[in-house]
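Chemist: Have a peek at model_38.txt (compact mmCIF, C-alpha atoms).
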# COMPACT_ATOMS: atom_id res chain seq x y z
CA MET A 1 -16.34 -6.64 -4.77
CA LYS A 2 -12.92 -8.23 -5.18
CA TYR A 3 -9.85 -6.32 -3.96
CA SER A 4 -6.30 -7.27 -4.95
CA PHE A 5 -3.60 -6.06 -2.60
CA THR A 6 -0.40 -7.14 -0.90
CA LEU A 7 0.44 -7.02 2.78
CA LYS A 8 4.01 -7.30 3.99
CA PHE A 9 4.80 -8.30 7.56
CA ARG A 10 7.85 -8.62 9.74
CA LEU A 11 7.91 -11.84 11.73
CA CYS A 12 8.96 -10.86 15.24
CA GLU A 13 9.74 -14.36 16.41
CA LYS A 14 11.95 -17.17 15.26
CA THR A 15 10.52 -18.06 11.88
CA PRO A 16 8.67 -21.38 12.00
CA ASP A 17 8.88 -23.89 9.19
CA LEU A 18 7.51 -22.58 5.86
CA ASP A 19 4.93 -25.34 5.61
CA GLN A 20 3.79 -24.57 9.16
CA ILE A 21 3.40 -20.85 8.32
CA VAL A 22 1.37 -21.59 5.19
CA ASP A 23 -0.84 -24.05 7.08
CA ARG A 24 -1.47 -21.57 9.91
CA LEU A 25 -2.31 -18.80 7.44
CA PHE A 26 -4.66 -21.04 5.46
CA GLU A 27 -6.44 -22.17 8.64
CA SER A 28 -6.88 -18.56 9.81
CA GLY A 29 -8.65 -17.49 6.59
CA CYS A 30 -5.81 -16.50 4.26
CA ASP A 31 -6.80 -19.11 1.67
CA ASP A 32 -7.22 -16.24 -0.83
CA ALA A 33 -3.54 -15.21 -0.68
CA LEU A 34 -0.27 -16.23 -2.26
CA VAL A 35 2.47 -16.39 0.37
CA GLY A 36 6.02 -15.25 -0.24
CA LEU A 37 9.02 -15.53 2.07
CA GLY A 38 11.71 -13.81 -0.01
CA ILE A 39 13.35 -11.79 2.78
CA ALA A 40 14.47 -13.53 5.96
CA GLY A 41 12.17 -12.68 8.86
CA HIS A 42 9.49 -11.22 6.57
CA ILE A 43 6.40 -12.53 4.84
CA SER A 44 4.41 -11.12 1.94
CA LEU A 45 0.84 -12.08 1.10
CA ALA A 46 -0.82 -11.18 -2.20
CA PHE A 47 -4.57 -11.24 -1.58
CA ASP A 48 -7.60 -11.40 -3.87
CA ARG A 49 -10.25 -10.79 -1.23
CA GLU A 50 -14.00 -10.40 -1.64
CA SER A 51 -15.42 -7.71 0.64
CA THR A 52 -17.90 -4.86 0.82
CA SER A 53 -15.12 -2.24 1.04
CA ALA A 54 -11.36 -1.91 0.63
CA PHE A 55 -11.01 -1.08 4.32
CA ASP A 56 -12.91 -4.22 5.34
CA ALA A 57 -10.80 -6.33 2.96
CA LEU A 58 -7.53 -4.96 4.38
CA GLU A 59 -8.75 -5.10 7.97
CA SER A 60 -9.92 -8.70 7.71
CA ALA A 61 -6.70 -9.78 5.97
CA ILE A 62 -4.51 -8.14 8.63
CA SER A 63 -6.64 -9.73 11.34
CA ASP A 64 -6.39 -13.16 9.70
CA VAL A 65 -2.58 -12.88 9.47
CA LYS A 66 -2.29 -11.75 13.09
CA ASN A 67 -4.50 -14.66 14.19
CA ALA A 68 -2.11 -17.05 12.47
CA LEU A 69 1.09 -15.19 13.37
CA PRO A 70 0.32 -13.12 16.51
CA ASN A 71 3.71 -11.41 16.65
CA ALA A 72 3.74 -10.37 12.98
CA ARG A 73 3.95 -6.61 12.43
CA VAL A 74 2.68 -4.77 9.33
CA VAL A 75 5.53 -3.38 7.23
CA GLU A 76 3.56 -2.14 4.23
CA ALA A 77 0.20 -2.32 2.51
CA THR A 78 0.06 -2.01 -1.27
CA PRO A 79 -0.90 -0.52 -3.64
CA ASP A 80 0.44 2.71 -2.20
CA TYR A 81 4.02 3.69 -2.97
CA VAL A 82 4.65 3.64 -6.72
CA GLY A 83 7.14 4.83 -9.29
CA LEU A 84 6.01 6.14 -12.65
CA THR A 85 6.16 2.66 -14.17
CA GLU A 86 3.82 1.16 -11.57
CA ALA A 87 1.47 4.15 -11.72
CA ALA A 88 1.31 3.83 -15.50
CA GLU A 89 0.54 0.11 -15.25
CA PHE A 90 -2.46 0.81 -13.01
CA ILE A 91 -4.08 2.91 -15.71
CA GLY A 92 -2.91 0.98 -18.76
CA MET A 93 -0.41 3.57 -19.96
CA SER A 94 3.26 3.35 -20.85
CA ARG A 95 5.92 4.69 -18.50
CA GLN A 96 6.88 7.20 -21.19
CA GLY A 97 3.29 8.40 -21.44
CA MET A 98 3.09 8.85 -17.67
CA ARG A 99 6.42 10.71 -17.62
CA LYS A 100 5.16 13.00 -20.40
CA LEU A 101 2.01 13.75 -18.38
CA MET A 102 4.15 14.54 -15.34
CA THR A 103 6.59 16.83 -17.17
CA GLU A 104 3.87 18.65 -19.13
CA ASN A 105 1.89 19.27 -15.94
CA GLU A 106 4.62 20.07 -13.42
CA ALA A 107 2.50 22.71 -11.67
CA THR A 108 -0.38 20.37 -10.86
CA PHE A 109 1.09 16.85 -10.91
CA PRO A 110 1.33 15.48 -7.36
CA SER A 111 4.59 15.96 -5.53
CA PRO A 112 6.50 12.75 -4.93
CA VAL A 113 6.88 11.25 -1.46
CA HIS A 114 10.52 10.73 -2.36
CA ALA A 115 12.23 12.80 -5.04
CA GLY A 116 15.49 11.49 -6.41
CA ASN A 117 16.81 9.46 -9.30
CA THR A 118 13.69 7.38 -8.90
CA GLY A 119 10.65 9.29 -7.66
CA VAL A 120 8.03 7.63 -5.49
CA TRP A 121 4.42 8.79 -5.22
CA HIS A 122 1.35 7.73 -3.32
CA LEU A 123 -0.76 5.96 -5.92
CA ALA A 124 -3.88 7.61 -4.46
CA ASP A 125 -2.45 11.07 -5.26
CA VAL A 126 -1.65 10.12 -8.85
CA LEU A 127 -5.07 8.52 -9.41
CA GLY A 128 -6.83 11.51 -7.83
CA TRP A 129 -4.88 13.88 -10.10
CA LEU A 130 -5.75 11.83 -13.17
CA ILE A 131 -9.43 11.92 -12.23
CA THR A 132 -9.63 15.64 -11.43
CA GLU A 133 -7.11 17.11 -13.88
CA ARG A 134 -7.36 14.73 -16.83
CA ASN A 135 -10.95 13.50 -16.45
CA SER A 136 -9.63 9.94 -16.48
CA ILE A 137 -11.99 7.14 -15.65
CA ILE A 138 -10.34 4.99 -12.98
CA ASP A 139 -11.91 1.91 -11.43
CA SER A 140 -13.44 3.02 -8.10
CA ALA A 141 -12.18 -0.12 -6.32
CA THR A 142 -8.59 0.74 -7.32
CA VAL A 143 -8.95 4.30 -6.03
CA GLU A 144 -10.56 3.11 -2.79
CA LEU A 145 -7.86 0.48 -2.25
CA ALA A 146 -5.02 2.94 -2.94
CA ASN A 147 -6.50 5.38 -0.39
CA GLU A 148 -6.93 2.69 2.27
CA ALA A 149 -3.43 1.23 1.74
CA ARG A 150 -2.01 4.75 2.09
CA ARG A 151 -4.00 5.25 5.29
CA ILE A 152 -2.61 2.04 6.80
CA ASN A 153 0.96 2.93 5.85
CA LEU A 154 0.64 6.45 7.24
CA ALA A 155 -0.93 5.16 10.47
CA LYS A 156 1.97 2.74 10.87
CA GLN A 157 4.47 5.59 10.42
CA ILE A 158 2.61 7.92 12.79
CA ASN A 159 2.43 5.18 15.41
CA ALA A 160 6.24 4.87 15.29
CA LEU A 161 6.79 8.57 16.08
CA PRO A 162 7.87 9.68 19.55
CA ALA A 163 5.29 11.55 21.65
CA GLY A 164 4.77 15.11 20.47
CA ALA A 165 6.67 14.63 17.21
CA LEU A 166 3.54 14.58 15.05
CA GLU A 167 2.28 17.91 16.33
CA ASP A 168 5.71 19.51 15.81
CA ALA A 169 5.96 18.15 12.27
CA ILE A 170 2.43 19.31 11.39
CA GLU A 171 3.30 22.79 12.56
CA LEU A 172 6.44 22.81 10.39
CA VAL A 173 4.70 21.77 7.18
CA SER A 174 1.52 23.78 7.71
CA SER A 175 3.50 27.02 7.62
CA ASP A 176 4.39 26.39 3.95
Can the structure from this file be put into structure tokens for me?
Modeler:
Amino acid sequence: MKYSFTLKFRLCEKTPDLDQIVDRLFESGCDDALVGLGIAGHISLAFDRESTSAFDALESAISDVKNALPNARVVEATPDYVGLTEAAEFIGMSRQGMRKLMTENEATFPSPVHAGNTGVWHLADVLGWLITERNSIIDSATVELANEARRINLAKQINALPAGALEDAIELVSSD
């Protein structure tokens, strides 16, 4: 199955020449990715990778990047964090239609990861809600990929926590 996703990395060393980066990535197996260097010290790769599972696709892509750029550190895996517009695009709906679904179903619609002028959700939560609450038919590869990207992003965040912080935080939120 083909999985389309983006991986963003921080380059933790003096950035080599762009052509050299692209060559190293291609040689390490990233010939199925478009490479972007929009932010200084960062690299973004948009993959279309064939694999037996979303996890295997993400794992092999991360491994290929780290083989080419050993000091690169994962910043984000997508699709995970989305606004209403991006969530709507994944299911072929307008932003207005998605907003209407959210406002008409406030009690059951997933809570955002960030609430503010622009809300941000985990795509996996929105897709899961659409499947269970609206009986929507969503491509299983998209659901699988959204769950795996979320898992990578959460693992990255957990790994950055000081010792003992995770247990304390779990205790705080589990008393809700």
Chemist: Point out the residue among A:Ala54, A:Leu130, A:Leu172, A:Ile91 with the least atom-to-atom distance to Pro110 (chain A), counting only C-alpha atoms.
Modeler: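 Nearest candidate to Pro110 (chain A) out of A:Ala54, A:Leu130, A:Leu172, A:Ile91: A:Leu130.
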Chemist: For the atom pair CA of Pro70 (chain A) and CA of Phe55 (chain A), what is the interatomic distance in Å to one decimal place?
Modeler: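 These two atoms are separated by 20.5 Å.
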Chemist: Just give me the residues with any atom within 12 Å of (-1.4, -14.2, 14.3), file coordinates, counting all atoms listed in the file, written as a PyMOL selection string.
Modeler: chain A and resi 9-13+21+24-30+61-74
Chemist: Calculate how many Å separate CA of Ala141 (chain A) from CA of Asn105 (chain A), rounding to one decimal.
Modeler: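 A separation of 25.8 Å between them.
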Chemist: Can you pull out the residues contacting Asp32 (chain A)? Cut-off 10 Å, using only C-alpha atoms, and skip same-chain residues under 5 positions away; I want them as a ChimeraX atom specification.
Modeler: /A:4,25-26,45-50,61
Chemist: Could you please determine the separation between CA of His42 (chain A) and CA of Lys8 (chain A) in Å, to one decimal place?
Modeler: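 Those two atoms sit 7.2 Å apart.
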Chemist: Extract, using only C-alpha atoms, all DNA, RNA and protein residues at most 8 Å from region 119-124 of chain A, discarding same-chain residues fewer than 6 positions from it, and format them as a PDB file with C-alpha atoms, in the coordinates of the input.
Modeler:
ATOM      1  CA  PRO A  79      -0.900  -0.520  -3.640  1.00  0.00           C
ATOM      2  CA  ASP A  80       0.440   2.710  -2.200  1.00  0.00           C
ATOM      3  CA  TYR A  81       4.020   3.690  -2.970  1.00  0.00           C
ATOM      4  CA  VAL A  82       4.650   3.640  -6.720  1.00  0.00           C
ATOM      5  CA  GLY A  83       7.140   4.830  -9.290  1.00  0.00           C
ATOM      6  CA  LEU A  84       6.010   6.140 -12.650  1.00  0.00           C
ATOM      7  CA  ALA A  87       1.470   4.150 -11.720  1.00  0.00           C
ATOM      8  CA  PRO A 110       1.330  15.480  -7.360  1.00  0.00           C
ATOM      9  CA  SER A 111       4.590  15.960  -5.530  1.00  0.00           C
ATOM     10  CA  PRO A 112       6.500  12.750  -4.930  1.00  0.00           C
ATOM     11  CA  VAL A 113       6.880  11.250  -1.460  1.00  0.00           C
ATOM     12  CA  VAL A 143      -8.950   4.300  -6.030  1.00  0.00           C
ATOM     13  CA  ALA A 146      -5.020   2.940  -2.940  1.00  0.00           C
ATOM     14  CA  ASN A 147      -6.500   5.380  -0.390  1.00  0.00           C
ATOM     15  CA  ARG A 150      -2.010   4.750   2.090  1.00  0.00           C
TER      16      ARG A 150
END
Chemist: Go through A:Val22, A:Ala165, A:Leu154, A:Ile137 one by one, measure the shortest atom-to-atom distance of each to Val35 (chain A) using only C-alpha atoms, and give the residue with the smallest value.
Modeler: A:Val22
